[in-house]
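Below is one structure; the comments refer to it alone.
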Number of protein chains: 2
Amino acid sequence: MDLDKTDRKILRELLINARISITELGRKVGLSKTPVALRIKQMEEAGLITGYRAILSPIQLGLSHVTFMQIRLGDTRQQALLQFNAAVREIEEVEECYMIAGGFDYLLKVRSRDMADFRRVMAEQISALPHVSATSSFVAMEAVVEEGAIPL
Amino acid sequence: MDLDKTDRKILRELLINARISITELGRKVGLSKTPVALRIKQMEEAGLITGYRAILSPIQLGLSHVTFMQIRLGDTRQQALLQFNAAVREIEEVEECYMIAGGFDYLLKVRSRDMADFRRVMAEQISALPHVSATSSFVAMEAVVEEGAIPL
DNA sequence: CCTGAAAAATTATTCGC
DNA sequence: GCGAATAATTTTTCAGG
């Protein structure tokens, strides 16, 4: 699906405020309600807009502790990777997980209440993942950019 | 602010669909509209809910290439860190940036169209950041978990 | 702290142009 | 893509448990 300038404007507004009304959105992008509603529906149906989510404050939730973990697997055959992927998706503290080309196999971003909570997650959840042979952890001291803008 | 079970239920629903109506939300959590609307407003005012955003598909946007970069600074005095932080926030391709305790100074997640686009971002933007002394990049081969659930 | 309900305002949807 | 009419929702308010 290709996007014109108006589509991009609409997306930018929906990234700022997903609950904006069609009326106000139309006003902001310089169109009437009808085409705005149509464009949004088309972008939803094209799978470009996959949903709308509330954004919560990690600090207010007491979940400001972020740790990145490098994980190396002892077995990197397809079957082992699939088992690892499936298992890691079950850990709710794992906010992100990428398979990496290079020196290690996976990079995980783990969110927890504090260091003690992270140690619990690591001991109870991460260590139990299949085929893990080594891990190293890097604790975030400061979040400089948490949710960067999307380059539209 | 402390959350009871109902608040958590509301948050879970708003994480799934931020555009759900108060009526339906009330039905899902087993309350009438009035207290649901009140609780949402309170959570917004407490800064717990910071906003509502559309979720876009990186693949449909042609932005599925993810690279993590370790960055070491030559100068790690407070002034230099502040300059780096301010500059990195201006790069829209930087989706996340954390200051790290340990072997390197910053970890960046960079989103781009493809490898060629990443090289452009690195050459034009990342290299221009102040006080950078060394970088190493790790290309993601597969996104196993992109937006994990929040442990409420 | 919740329910239920009514009125007023706003929004979404539909359709002819 | 516009603009108007129709239909659906939301917000606000209030009496009562």
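Chains: A, B, ... in order of the structure tokens. Residues: from 1 per chain. Ligands: from 1, in order shown.
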Surrounding residues of stretch 12-17 of chain C excluding itself and chain neighbours under 3 positions, 8 Å, only C-alpha atoms (C1' of nucleotides), as a PyMOL selection string
chain D and resi 6-8
Q: Starting from chain B, keep only residues with some atom at most 12 Å from an atom of chain D, counting only C-alpha atoms (C1' of nucleotides), and report them as an MDAnalysis selection string.
A: chainID B and resid 20:24 33:34 37:38
Dump of C-alpha atoms for the selected residues, as a PDB file, in the first residue's frame:
ATOM      1  CA  ILE B  20     -13.004   0.740  23.039  1.00  0.00           C
ATOM      2  CA  SER B  21     -16.156   2.537  24.199  1.00  0.00           C
ATOM      3  CA  ILE B  22     -16.812   3.175  27.873  1.00  0.00           C
ATOM      4  CA  THR B  23     -19.977   1.114  27.583  1.00  0.00           C
ATOM      5  CA  GLU B  24     -18.200  -1.955  26.321  1.00  0.00           C
ATOM      6  CA  LYS B  33     -20.098   3.443  32.752  1.00  0.00           C
ATOM      7  CA  THR B  34     -19.813   6.010  35.525  1.00  0.00           C
ATOM      8  CA  ALA B  37     -15.052   6.793  33.102  1.00  0.00           C
ATOM      9  CA  LEU B  38     -13.988   8.085  36.513  1.00  0.00           C
TER      10      LEU B  38
END
Please return, as an mmCIF file with all heavy atoms, in the first residue's frame, all residues of chain B lying within 7 Å of chain A when only C-alpha atoms are considered.
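Writing the result to result15.cif gives the following:
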data_model
loop_
_atom_site.group_PDB
_atom_site.id
_atom_site.type_symbol
_atom_site.label_atom_id
_atom_site.label_comp_id
_atom_site.auth_asym_id
_atom_site.auth_seq_id
_atom_site.Cartn_x
_atom_site.Cartn_y
_atom_site.Cartn_z
ATOM 1 N N LEU B 14 -7.458 -1.471 27.646
ATOM 2 C CA LEU B 14 -6.992 -0.298 26.899
ATOM 3 C C LEU B 14 -5.658 -0.561 26.192
ATOM 4 O O LEU B 14 -5.318 0.114 25.227
ATOM 5 C CB LEU B 14 -6.850 0.914 27.835
ATOM 6 C CG LEU B 14 -8.175 1.514 28.302
ATOM 7 C CD1 LEU B 14 -7.919 2.612 29.328
ATOM 8 C CD2 LEU B 14 -8.966 2.079 27.126
ATOM 9 N N LEU B 15 -4.925 -1.565 26.681
ATOM 10 C CA LEU B 15 -3.690 -1.943 25.988
ATOM 11 C C LEU B 15 -4.014 -2.754 24.741
ATOM 12 O O LEU B 15 -3.261 -2.751 23.773
ATOM 13 C CB LEU B 15 -2.786 -2.748 26.914
ATOM 14 C CG LEU B 15 -2.083 -1.933 28.002
ATOM 15 C CD1 LEU B 15 -1.367 -2.857 28.982
ATOM 16 C CD2 LEU B 15 -1.091 -0.957 27.388
ATOM 17 N N ILE B 16 -5.133 -3.462 24.790
ATOM 18 C CA ILE B 16 -5.560 -4.246 23.626
ATOM 19 C C ILE B 16 -6.242 -3.341 22.614
ATOM 20 O O ILE B 16 -5.988 -3.423 21.421
ATOM 21 C CB ILE B 16 -6.517 -5.376 24.066
ATOM 22 C CG1 ILE B 16 -5.764 -6.381 24.943
ATOM 23 C CG2 ILE B 16 -7.121 -6.074 22.849
ATOM 24 C CD1 ILE B 16 -6.666 -7.363 25.642
ATOM 25 N N ASN B 17 -7.110 -2.476 23.096
ATOM 26 C CA ASN B 17 -7.832 -1.577 22.205
ATOM 27 C C ASN B 17 -8.152 -0.246 22.885
ATOM 28 O O ASN B 17 -9.090 -0.159 23.667
ATOM 29 C CB ASN B 17 -9.121 -2.236 21.721
ATOM 30 C CG ASN B 17 -9.951 -1.311 20.866
ATOM 31 O OD1 ASN B 17 -9.432 -0.303 20.364
ATOM 32 N ND2 ASN B 17 -11.209 -1.611 20.704
ATOM 33 N N ALA B 18 -7.369 0.746 22.534
ATOM 34 C CA ALA B 18 -7.505 2.053 23.173
ATOM 35 C C ALA B 18 -8.776 2.781 22.746
ATOM 36 O O ALA B 18 -9.175 3.754 23.374
ATOM 37 C CB ALA B 18 -6.290 2.922 22.844
ATOM 38 N N ARG B 19 -9.426 2.308 21.686
ATOM 39 C CA ARG B 19 -10.601 3.013 21.186
ATOM 40 C C ARG B 19 -11.907 2.352 21.628
ATOM 41 O O ARG B 19 -12.973 2.671 21.129
ATOM 42 C CB ARG B 19 -10.557 3.087 19.655
ATOM 43 C CG ARG B 19 -9.348 3.851 19.150
ATOM 44 C CD ARG B 19 -9.493 4.165 17.677
ATOM 45 N NE ARG B 19 -9.721 5.581 17.463
ATOM 46 C CZ ARG B 19 -9.939 6.137 16.270
ATOM 47 N NH1 ARG B 19 -9.973 5.386 15.197
ATOM 48 N NH2 ARG B 19 -10.128 7.427 16.157
ATOM 49 N N GLY B 47 -1.028 10.514 35.616
ATOM 50 C CA GLY B 47 0.119 10.319 34.736
ATOM 51 C C GLY B 47 0.427 8.863 34.492
ATOM 52 O O GLY B 47 1.509 8.518 34.020
ATOM 53 N N LEU B 48 -0.508 8.007 34.810
ATOM 54 C CA LEU B 48 -0.295 6.573 34.618
ATOM 55 C C LEU B 48 -0.581 6.205 33.175
ATOM 56 O O LEU B 48 0.187 5.500 32.533
ATOM 57 C CB LEU B 48 -1.222 5.810 35.569
ATOM 58 C CG LEU B 48 -0.745 4.424 35.924
ATOM 59 C CD1 LEU B 48 -0.918 4.175 37.410
ATOM 60 C CD2 LEU B 48 -1.478 3.398 35.116
ATOM 61 N N ILE B 49 -1.717 6.705 32.674
ATOM 62 C CA ILE B 49 -1.976 6.621 31.239
ATOM 63 C C ILE B 49 -1.460 7.920 30.634
ATOM 64 O O ILE B 49 -1.944 8.990 30.959
ATOM 65 C CB ILE B 49 -3.485 6.469 30.953
ATOM 66 C CG1 ILE B 49 -4.042 5.192 31.574
ATOM 67 C CG2 ILE B 49 -3.729 6.467 29.446
ATOM 68 C CD1 ILE B 49 -5.564 5.075 31.484
ATOM 69 N N THR B 50 -0.453 7.802 29.781
ATOM 70 C CA THR B 50 0.143 9.028 29.243
ATOM 71 C C THR B 50 -0.415 9.387 27.876
ATOM 72 O O THR B 50 -0.179 10.482 27.385
ATOM 73 C CB THR B 50 1.674 8.900 29.142
ATOM 74 O OG1 THR B 50 1.985 7.768 28.325
ATOM 75 C CG2 THR B 50 2.288 8.673 30.518
ATOM 76 N N GLY B 51 -1.131 8.449 27.252
ATOM 77 C CA GLY B 51 -1.707 8.775 25.966
ATOM 78 C C GLY B 51 -2.244 7.547 25.285
ATOM 79 O O GLY B 51 -2.305 6.462 25.879
ATOM 80 N N TYR B 52 -2.655 7.740 24.038
ATOM 81 C CA TYR B 52 -3.210 6.650 23.235
ATOM 82 C C TYR B 52 -2.592 6.761 21.855
ATOM 83 O O TYR B 52 -2.624 7.836 21.252
ATOM 84 C CB TYR B 52 -4.735 6.773 23.165
ATOM 85 C CG TYR B 52 -5.405 6.817 24.525
ATOM 86 C CD1 TYR B 52 -5.619 8.023 25.179
ATOM 87 C CD2 TYR B 52 -5.786 5.642 25.164
ATOM 88 C CE1 TYR B 52 -6.198 8.064 26.442
ATOM 89 C CE2 TYR B 52 -6.367 5.670 26.419
ATOM 90 C CZ TYR B 52 -6.577 6.884 27.054
ATOM 91 O OH TYR B 52 -7.146 6.916 28.293
ATOM 92 N N ARG B 53 -2.025 5.656 21.385
ATOM 93 C CA ARG B 53 -1.332 5.718 20.097
ATOM 94 C C ARG B 53 -1.798 4.635 19.157
ATOM 95 O O ARG B 53 -2.069 3.511 19.580
ATOM 96 C CB ARG B 53 0.181 5.525 20.283
ATOM 97 C CG ARG B 53 0.839 6.642 20.997
ATOM 98 C CD ARG B 53 2.353 6.692 20.838
ATOM 99 N NE ARG B 53 2.955 5.673 20.019
ATOM 100 C CZ ARG B 53 4.248 5.649 19.747
ATOM 101 N NH1 ARG B 53 5.039 6.594 20.239
ATOM 102 N NH2 ARG B 53 4.761 4.706 19.004
ATOM 103 N N ALA B 54 -1.847 4.971 17.884
ATOM 104 C CA ALA B 54 -2.045 3.940 16.867
ATOM 105 C C ALA B 54 -0.784 3.102 16.796
ATOM 106 O O ALA B 54 0.322 3.602 16.969
ATOM 107 C CB ALA B 54 -2.329 4.589 15.511
ATOM 108 N N ILE B 55 -0.964 1.800 16.574
ATOM 109 C CA ILE B 55 0.172 0.903 16.391
ATOM 110 C C ILE B 55 0.282 0.582 14.911
ATOM 111 O O ILE B 55 -0.678 0.124 14.288
ATOM 112 C CB ILE B 55 -0.024 -0.399 17.189
ATOM 113 C CG1 ILE B 55 -0.303 -0.091 18.659
ATOM 114 C CG2 ILE B 55 1.216 -1.293 17.044
ATOM 115 C CD1 ILE B 55 0.767 0.721 19.343
ATOM 116 N N LEU B 56 1.436 0.875 14.337
ATOM 117 C CA LEU B 56 1.631 0.659 12.905
ATOM 118 C C LEU B 56 2.500 -0.570 12.672
ATOM 119 O O LEU B 56 3.343 -0.913 13.504
ATOM 120 C CB LEU B 56 2.293 1.895 12.290
ATOM 121 C CG LEU B 56 1.621 3.235 12.602
ATOM 122 C CD1 LEU B 56 2.285 4.352 11.805
ATOM 123 C CD2 LEU B 56 0.134 3.187 12.306
ATOM 124 N N SER B 57 2.302 -1.192 11.553
ATOM 125 C CA SER B 57 3.086 -2.372 11.191
ATOM 126 C C SER B 57 4.403 -1.956 10.544
ATOM 127 O O SER B 57 4.403 -1.378 9.458
ATOM 128 C CB SER B 57 2.284 -3.233 10.226
ATOM 129 O OG SER B 57 3.153 -4.089 9.509
ATOM 130 N N GLN B 60 4.599 -3.337 6.965
ATOM 131 C CA GLN B 60 3.795 -2.622 5.983
ATOM 132 C C GLN B 60 4.389 -1.246 5.677
ATOM 133 O O GLN B 60 4.210 -0.718 4.581
ATOM 134 C CB GLN B 60 2.363 -2.446 6.484
ATOM 135 C CG GLN B 60 1.581 -3.746 6.589
ATOM 136 C CD GLN B 60 1.336 -4.378 5.234
ATOM 137 O OE1 GLN B 60 1.111 -3.687 4.253
ATOM 138 N NE2 GLN B 60 1.418 -5.700 5.181
ATOM 139 N N LEU B 61 5.062 -0.671 6.661
ATOM 140 C CA LEU B 61 5.676 0.637 6.445
ATOM 141 C C LEU B 61 7.023 0.524 5.740
ATOM 142 O O LEU B 61 7.630 1.528 5.396
ATOM 143 C CB LEU B 61 5.883 1.345 7.793
ATOM 144 C CG LEU B 61 4.665 1.987 8.432
ATOM 145 C CD1 LEU B 61 4.999 2.442 9.842
ATOM 146 C CD2 LEU B 61 4.187 3.169 7.600
ATOM 147 N N ASN B 85 22.806 13.127 24.709
ATOM 148 C CA ASN B 85 21.382 12.815 24.891
ATOM 149 C C ASN B 85 20.502 13.720 24.031
ATOM 150 O O ASN B 85 19.585 13.249 23.358
ATOM 151 C CB ASN B 85 20.975 12.999 26.362
ATOM 152 C CG ASN B 85 21.610 11.966 27.280
ATOM 153 O OD1 ASN B 85 22.277 11.046 26.818
ATOM 154 N ND2 ASN B 85 21.401 12.120 28.570
ATOM 155 N N ARG B 89 18.217 12.426 20.610
ATOM 156 C CA ARG B 89 16.754 12.560 20.605
ATOM 157 C C ARG B 89 16.250 13.194 19.313
ATOM 158 O O ARG B 89 15.071 13.083 18.991
ATOM 159 C CB ARG B 89 16.304 13.409 21.807
ATOM 160 C CG ARG B 89 16.243 12.610 23.103
ATOM 161 C CD ARG B 89 15.521 13.389 24.196
ATOM 162 N NE ARG B 89 16.464 14.100 25.048
ATOM 163 C CZ ARG B 89 16.866 13.693 26.251
ATOM 164 N NH1 ARG B 89 16.384 12.578 26.754
ATOM 165 N NH2 ARG B 89 17.724 14.379 26.959
ATOM 166 N N GLU B 92 15.250 10.661 14.249
ATOM 167 C CA GLU B 92 13.976 9.959 14.317
ATOM 168 C C GLU B 92 14.119 8.454 14.086
ATOM 169 O O GLU B 92 13.270 7.691 14.512
ATOM 170 C CB GLU B 92 12.963 10.569 13.350
ATOM 171 C CG GLU B 92 13.365 10.554 11.912
ATOM 172 C CD GLU B 92 12.264 11.126 11.008
ATOM 173 O OE1 GLU B 92 11.196 11.529 11.527
ATOM 174 O OE2 GLU B 92 12.481 11.147 9.800
ATOM 175 N N GLU B 93 15.192 8.043 13.464
ATOM 176 C CA GLU B 93 15.414 6.607 13.268
ATOM 177 C C GLU B 93 15.801 5.896 14.562
ATOM 178 O O GLU B 93 15.765 4.668 14.623
ATOM 179 C CB GLU B 93 16.503 6.369 12.212
ATOM 180 C CG GLU B 93 16.050 6.599 10.783
ATOM 181 C CD GLU B 93 16.178 8.062 10.362
ATOM 182 O OE1 GLU B 93 16.525 8.908 11.214
ATOM 183 O OE2 GLU B 93 15.922 8.353 9.182
ATOM 184 N N VAL B 94 16.180 6.650 15.577
ATOM 185 C CA VAL B 94 16.521 6.033 16.864
ATOM 186 C C VAL B 94 15.236 5.789 17.643
ATOM 187 O O VAL B 94 14.613 6.712 18.146
ATOM 188 C CB VAL B 94 17.484 6.923 17.686
ATOM 189 C CG1 VAL B 94 17.698 6.328 19.073
ATOM 190 C CG2 VAL B 94 18.795 7.073 16.956
ATOM 191 N N GLU B 95 14.875 4.531 17.716
ATOM 192 C CA GLU B 95 13.614 4.180 18.364
ATOM 193 C C GLU B 95 13.802 4.122 19.878
ATOM 194 O O GLU B 95 12.865 4.428 20.631
ATOM 195 C CB GLU B 95 13.154 2.820 17.831
ATOM 196 C CG GLU B 95 11.704 2.529 18.082
ATOM 197 C CD GLU B 95 11.260 1.273 17.331
ATOM 198 O OE1 GLU B 95 11.093 1.365 16.097
ATOM 199 O OE2 GLU B 95 11.103 0.224 17.966
ATOM 200 N N GLU B 96 14.972 3.703 20.314
ATOM 201 C CA GLU B 96 15.265 3.649 21.743
ATOM 202 C C GLU B 96 16.725 3.993 21.969
ATOM 203 O O GLU B 96 17.574 3.730 21.117
ATOM 204 C CB GLU B 96 15.006 2.243 22.314
ATOM 205 C CG GLU B 96 13.582 1.771 22.145
ATOM 206 C CD GLU B 96 13.390 0.361 22.704
ATOM 207 O OE1 GLU B 96 13.934 0.056 23.776
ATOM 208 O OE2 GLU B 96 12.694 -0.427 22.045
ATOM 209 N N CYS B 97 16.990 4.556 23.125
ATOM 210 C CA CYS B 97 18.369 4.846 23.510
ATOM 211 C C CYS B 97 18.482 4.799 25.030
ATOM 212 O O CYS B 97 17.761 5.515 25.723
ATOM 213 C CB CYS B 97 18.798 6.218 22.987
ATOM 214 S SG CYS B 97 20.412 6.744 23.627
ATOM 215 N N TYR B 98 19.348 3.935 25.515
ATOM 216 C CA TYR B 98 19.564 3.809 26.958
ATOM 217 C C TYR B 98 21.033 4.033 27.300
ATOM 218 O O TYR B 98 21.915 3.566 26.581
ATOM 219 C CB TYR B 98 19.141 2.411 27.435
ATOM 220 C CG TYR B 98 17.643 2.205 27.403
ATOM 221 C CD1 TYR B 98 17.005 1.722 26.264
ATOM 222 C CD2 TYR B 98 16.856 2.514 28.504
ATOM 223 C CE1 TYR B 98 15.633 1.546 26.220
ATOM 224 C CE2 TYR B 98 15.483 2.341 28.481
ATOM 225 C CZ TYR B 98 14.879 1.854 27.339
ATOM 226 O OH TYR B 98 13.515 1.692 27.310
ATOM 227 N N MET B 99 21.249 4.728 28.394
ATOM 228 C CA MET B 99 22.586 4.816 28.960
ATOM 229 C C MET B 99 22.813 3.557 29.784
ATOM 230 O O MET B 99 21.951 3.153 30.564
ATOM 231 C CB MET B 99 22.681 6.049 29.857
ATOM 232 C CG MET B 99 24.102 6.441 30.194
ATOM 233 S SD MET B 99 24.119 7.776 31.395
ATOM 234 C CE MET B 99 23.377 9.097 30.429
ATOM 235 N N ILE B 100 23.969 2.951 29.568
ATOM 236 C CA ILE B 100 24.204 1.615 30.111
ATOM 237 C C ILE B 100 25.307 1.630 31.163
ATOM 238 O O ILE B 100 26.336 2.294 30.981
ATOM 239 C CB ILE B 100 24.618 0.656 28.961
ATOM 240 C CG1 ILE B 100 23.479 0.513 27.947
ATOM 241 C CG2 ILE B 100 25.038 -0.706 29.502
ATOM 242 C CD1 ILE B 100 22.273 -0.216 28.460
ATOM 243 N N ALA B 101 25.080 0.888 32.244
ATOM 244 C CA ALA B 101 26.128 0.692 33.245
ATOM 245 C C ALA B 101 26.932 -0.523 32.849
ATOM 246 O O ALA B 101 26.404 -1.621 32.783
ATOM 247 C CB ALA B 101 25.484 0.468 34.621
ATOM 248 N N GLY B 102 28.185 -0.340 32.559
ATOM 249 C CA GLY B 102 28.973 -1.512 32.199
ATOM 250 C C GLY B 102 29.947 -1.212 31.080
ATOM 251 O O GLY B 102 30.477 -0.108 30.966
ATOM 252 N N PHE B 138 24.815 -4.490 15.657
ATOM 253 C CA PHE B 138 24.317 -5.855 15.618
ATOM 254 C C PHE B 138 22.982 -5.861 14.894
ATOM 255 O O PHE B 138 22.019 -5.239 15.346
ATOM 256 C CB PHE B 138 24.156 -6.394 17.035
ATOM 257 C CG PHE B 138 25.428 -6.380 17.813
ATOM 258 C CD1 PHE B 138 25.768 -5.287 18.602
ATOM 259 C CD2 PHE B 138 26.328 -7.431 17.712
ATOM 260 C CE1 PHE B 138 26.957 -5.254 19.294
ATOM 261 C CE2 PHE B 138 27.527 -7.409 18.405
ATOM 262 C CZ PHE B 138 27.847 -6.316 19.200
ATOM 263 N N VAL B 139 22.946 -6.528 13.785
ATOM 264 C CA VAL B 139 21.745 -6.526 12.953
ATOM 265 C C VAL B 139 20.783 -7.612 13.421
ATOM 266 O O VAL B 139 21.185 -8.746 13.663
ATOM 267 C CB VAL B 139 22.120 -6.768 11.480
ATOM 268 C CG1 VAL B 139 20.865 -6.889 10.619
ATOM 269 C CG2 VAL B 139 23.008 -5.645 10.982
ATOM 270 N N ALA B 140 19.524 -7.235 13.556
ATOM 271 C CA ALA B 140 18.506 -8.215 13.942
ATOM 272 C C ALA B 140 18.117 -9.033 12.723
ATOM 273 O O ALA B 140 17.848 -8.482 11.657
ATOM 274 C CB ALA B 140 17.295 -7.509 14.518
ATOM 275 N N MET B 141 18.094 -10.346 12.884
ATOM 276 C CA MET B 141 17.685 -11.218 11.787
ATOM 277 C C MET B 141 16.204 -11.545 11.879
ATOM 278 O O MET B 141 15.565 -11.859 10.891
ATOM 279 C CB MET B 141 18.467 -12.524 11.828
ATOM 280 C CG MET B 141 19.941 -12.325 11.600
ATOM 281 S SD MET B 141 20.708 -13.863 11.098
ATOM 282 C CE MET B 141 20.183 -14.934 12.404
ATOM 283 N N GLU B 142 15.685 -11.506 13.089
ATOM 284 C CA GLU B 142 14.282 -11.863 13.268
ATOM 285 C C GLU B 142 13.759 -11.202 14.530
ATOM 286 O O GLU B 142 14.425 -11.201 15.562
ATOM 287 C CB GLU B 142 14.136 -13.387 13.399
ATOM 288 C CG GLU B 142 12.693 -13.847 13.478
ATOM 289 C CD GLU B 142 12.556 -15.345 13.784
ATOM 290 O OE1 GLU B 142 13.517 -16.096 13.506
ATOM 291 O OE2 GLU B 142 11.508 -15.730 14.314
ATOM 292 N N ALA B 143 12.556 -10.634 14.450
ATOM 293 C CA ALA B 143 11.900 -10.073 15.629
ATOM 294 C C ALA B 143 11.082 -11.176 16.285
ATOM 295 O O ALA B 143 10.069 -11.597 15.738
ATOM 296 C CB ALA B 143 11.016 -8.905 15.229
ATOM 297 N N VAL B 144 11.535 -11.652 17.425
ATOM 298 C CA VAL B 144 10.815 -12.720 18.126
ATOM 299 C C VAL B 144 9.712 -12.114 18.991
ATOM 300 O O VAL B 144 8.589 -12.600 19.011
ATOM 301 C CB VAL B 144 11.785 -13.569 18.977
ATOM 302 C CG1 VAL B 144 11.040 -14.678 19.700
ATOM 303 C CG2 VAL B 144 12.895 -14.132 18.103
ATOM 304 N N VAL B 145 10.050 -11.049 19.709
ATOM 305 C CA VAL B 145 9.062 -10.286 20.475
ATOM 306 C C VAL B 145 9.293 -8.820 20.175
ATOM 307 O O VAL B 145 10.380 -8.305 20.413
ATOM 308 C CB VAL B 145 9.197 -10.526 21.999
ATOM 309 C CG1 VAL B 145 8.195 -9.682 22.766
ATOM 310 C CG2 VAL B 145 9.035 -11.996 22.342
ATOM 311 N N GLU B 146 8.258 -8.154 19.615
ATOM 312 C CA GLU B 146 8.433 -6.731 19.260
ATOM 313 C C GLU B 146 7.826 -5.806 20.312
ATOM 314 O O GLU B 146 8.394 -4.794 20.656
ATOM 315 C CB GLU B 146 7.755 -6.430 17.908
ATOM 316 C CG GLU B 146 8.497 -6.963 16.732
ATOM 317 C CD GLU B 146 9.048 -5.862 15.835
ATOM 318 O OE1 GLU B 146 9.636 -4.891 16.331
ATOM 319 O OE2 GLU B 146 8.893 -5.991 14.623
ATOM 320 N N GLU B 147 6.647 -6.171 20.771
ATOM 321 C CA GLU B 147 5.977 -5.331 21.762
ATOM 322 C C GLU B 147 5.376 -6.228 22.810
ATOM 323 O O GLU B 147 4.224 -6.620 22.728
ATOM 324 C CB GLU B 147 4.834 -4.529 21.111
ATOM 325 C CG GLU B 147 5.286 -3.609 20.022
ATOM 326 C CD GLU B 147 4.785 -2.200 20.265
ATOM 327 O OE1 GLU B 147 4.768 -1.760 21.431
ATOM 328 O OE2 GLU B 147 4.410 -1.554 19.290
ATOM 329 N N GLY B 148 6.157 -6.587 23.759
ATOM 330 C CA GLY B 148 5.714 -7.526 24.773
ATOM 331 C C GLY B 148 4.606 -6.949 25.629
ATOM 332 O O GLY B 148 4.422 -5.747 25.705
ATOM 333 N N ALA B 149 3.865 -7.835 26.243
ATOM 334 C CA ALA B 149 2.819 -7.416 27.166
ATOM 335 C C ALA B 149 3.454 -6.743 28.375
ATOM 336 O O ALA B 149 4.618 -6.974 28.677
ATOM 337 C CB ALA B 149 2.004 -8.621 27.606
ATOM 338 N N ILE B 150 2.679 -5.882 29.005
ATOM 339 C CA ILE B 150 3.165 -5.230 30.214
ATOM 340 C C ILE B 150 2.671 -6.036 31.415
ATOM 341 O O ILE B 150 1.480 -6.341 31.501
ATOM 342 C CB ILE B 150 2.669 -3.771 30.275
ATOM 343 C CG1 ILE B 150 3.305 -2.990 29.135
ATOM 344 C CG2 ILE B 150 2.988 -3.153 31.617
ATOM 345 C CD1 ILE B 150 2.803 -1.586 28.992
ATOM 346 N N PRO B 151 3.578 -6.437 32.312
ATOM 347 C CA PRO B 151 3.153 -7.243 33.465
ATOM 348 C C PRO B 151 2.396 -6.384 34.476
ATOM 349 O O PRO B 151 2.997 -5.769 35.340
ATOM 350 C CB PRO B 151 4.474 -7.768 34.037
ATOM 351 C CG PRO B 151 5.565 -6.970 33.422
ATOM 352 C CD PRO B 151 5.020 -6.180 32.292
#
Sorted by chain and rising residue number, list the residues of chain C at most 9 Å from chain B (counting only C-alpha atoms (C1' of nucleotides)), each with its closest atom pair and distance in Å to one decimal, as a tab-separated table.
residue	atom	partner	partner_atom	distance
C:DC1	C1'	B:Pro35	CA	8.3
C:DC2	C1'	B:Pro35	CA	7.3
C:DT3	C1'	B:Ser32	CA	7.0
C:DG4	C1'	B:Ser32	CA	8.6
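Atom CA of A:Leu73 sits 15.4 Å away from atom CA of A:Gln125.
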In stretch 3-120 of chain A, DSSP helix (DSSP H, G or I) residues written as a VMD selection string
chain A and resid 5 to 16 22 to 29 33 to 45 78 to 88 115 to 120
Using C-alpha atoms, can you write the selected residues to a file as a compact mmCIF listing (two decimals), in the first residue's frame?
# COMPACT_ATOMS: atom_id res chain seq x y z
CA LYS A 5 1.00 13.08 2.19
CA THR A 6 -2.49 13.12 3.65
CA ASP A 7 -2.23 9.52 4.81
CA ARG A 8 1.04 10.33 6.50
CA LYS A 9 -0.49 13.34 8.19
CA ILE A 10 -3.31 11.18 9.46
CA LEU A 11 -0.87 8.59 10.78
CA ARG A 12 1.19 11.24 12.51
CA GLU A 13 -1.89 12.49 14.31
CA LEU A 14 -2.98 8.99 15.28
CA LEU A 15 0.48 8.35 16.69
CA ILE A 16 0.10 11.41 18.89
CA ILE A 22 -12.64 12.05 12.83
CA THR A 23 -13.98 15.60 12.83
CA GLU A 24 -10.89 17.07 14.44
CA LEU A 25 -8.63 14.85 12.37
CA GLY A 26 -10.32 16.19 9.25
CA ARG A 27 -9.75 19.72 10.43
CA LYS A 28 -6.06 19.05 11.08
CA VAL A 29 -5.37 17.47 7.70
CA LYS A 33 -14.80 13.66 7.67
CA THR A 34 -15.77 11.27 4.89
CA PRO A 35 -12.40 10.75 3.20
CA VAL A 36 -10.60 10.73 6.52
CA ALA A 37 -12.76 7.89 7.81
CA LEU A 38 -12.29 6.05 4.51
CA ARG A 39 -8.52 6.40 4.56
CA ILE A 40 -8.29 5.15 8.13
CA LYS A 41 -10.43 2.13 7.32
CA GLN A 42 -8.29 1.35 4.28
CA MET A 43 -5.09 1.60 6.30
CA GLU A 44 -6.57 -0.68 8.92
CA GLU A 45 -7.66 -3.22 6.34
CA GLN A 78 16.32 -24.65 13.60
CA GLN A 79 14.41 -26.82 16.04
CA ALA A 80 16.23 -25.35 19.04
CA LEU A 81 15.67 -21.80 17.84
CA LEU A 82 11.95 -22.43 17.45
CA GLN A 83 11.75 -23.87 20.94
CA PHE A 84 13.60 -20.89 22.36
CA ASN A 85 11.40 -18.41 20.47
CA ALA A 86 8.21 -20.03 21.70
CA ALA A 87 9.41 -20.12 25.30
CA VAL A 88 10.64 -16.53 25.38
CA MET A 115 17.23 -5.01 40.46
CA ALA A 116 15.88 -7.59 42.91
CA ASP A 117 12.91 -8.20 40.66
CA PHE A 118 15.21 -8.57 37.69
CA ARG A 119 17.23 -11.19 39.55
CA ARG A 120 14.03 -13.08 40.20
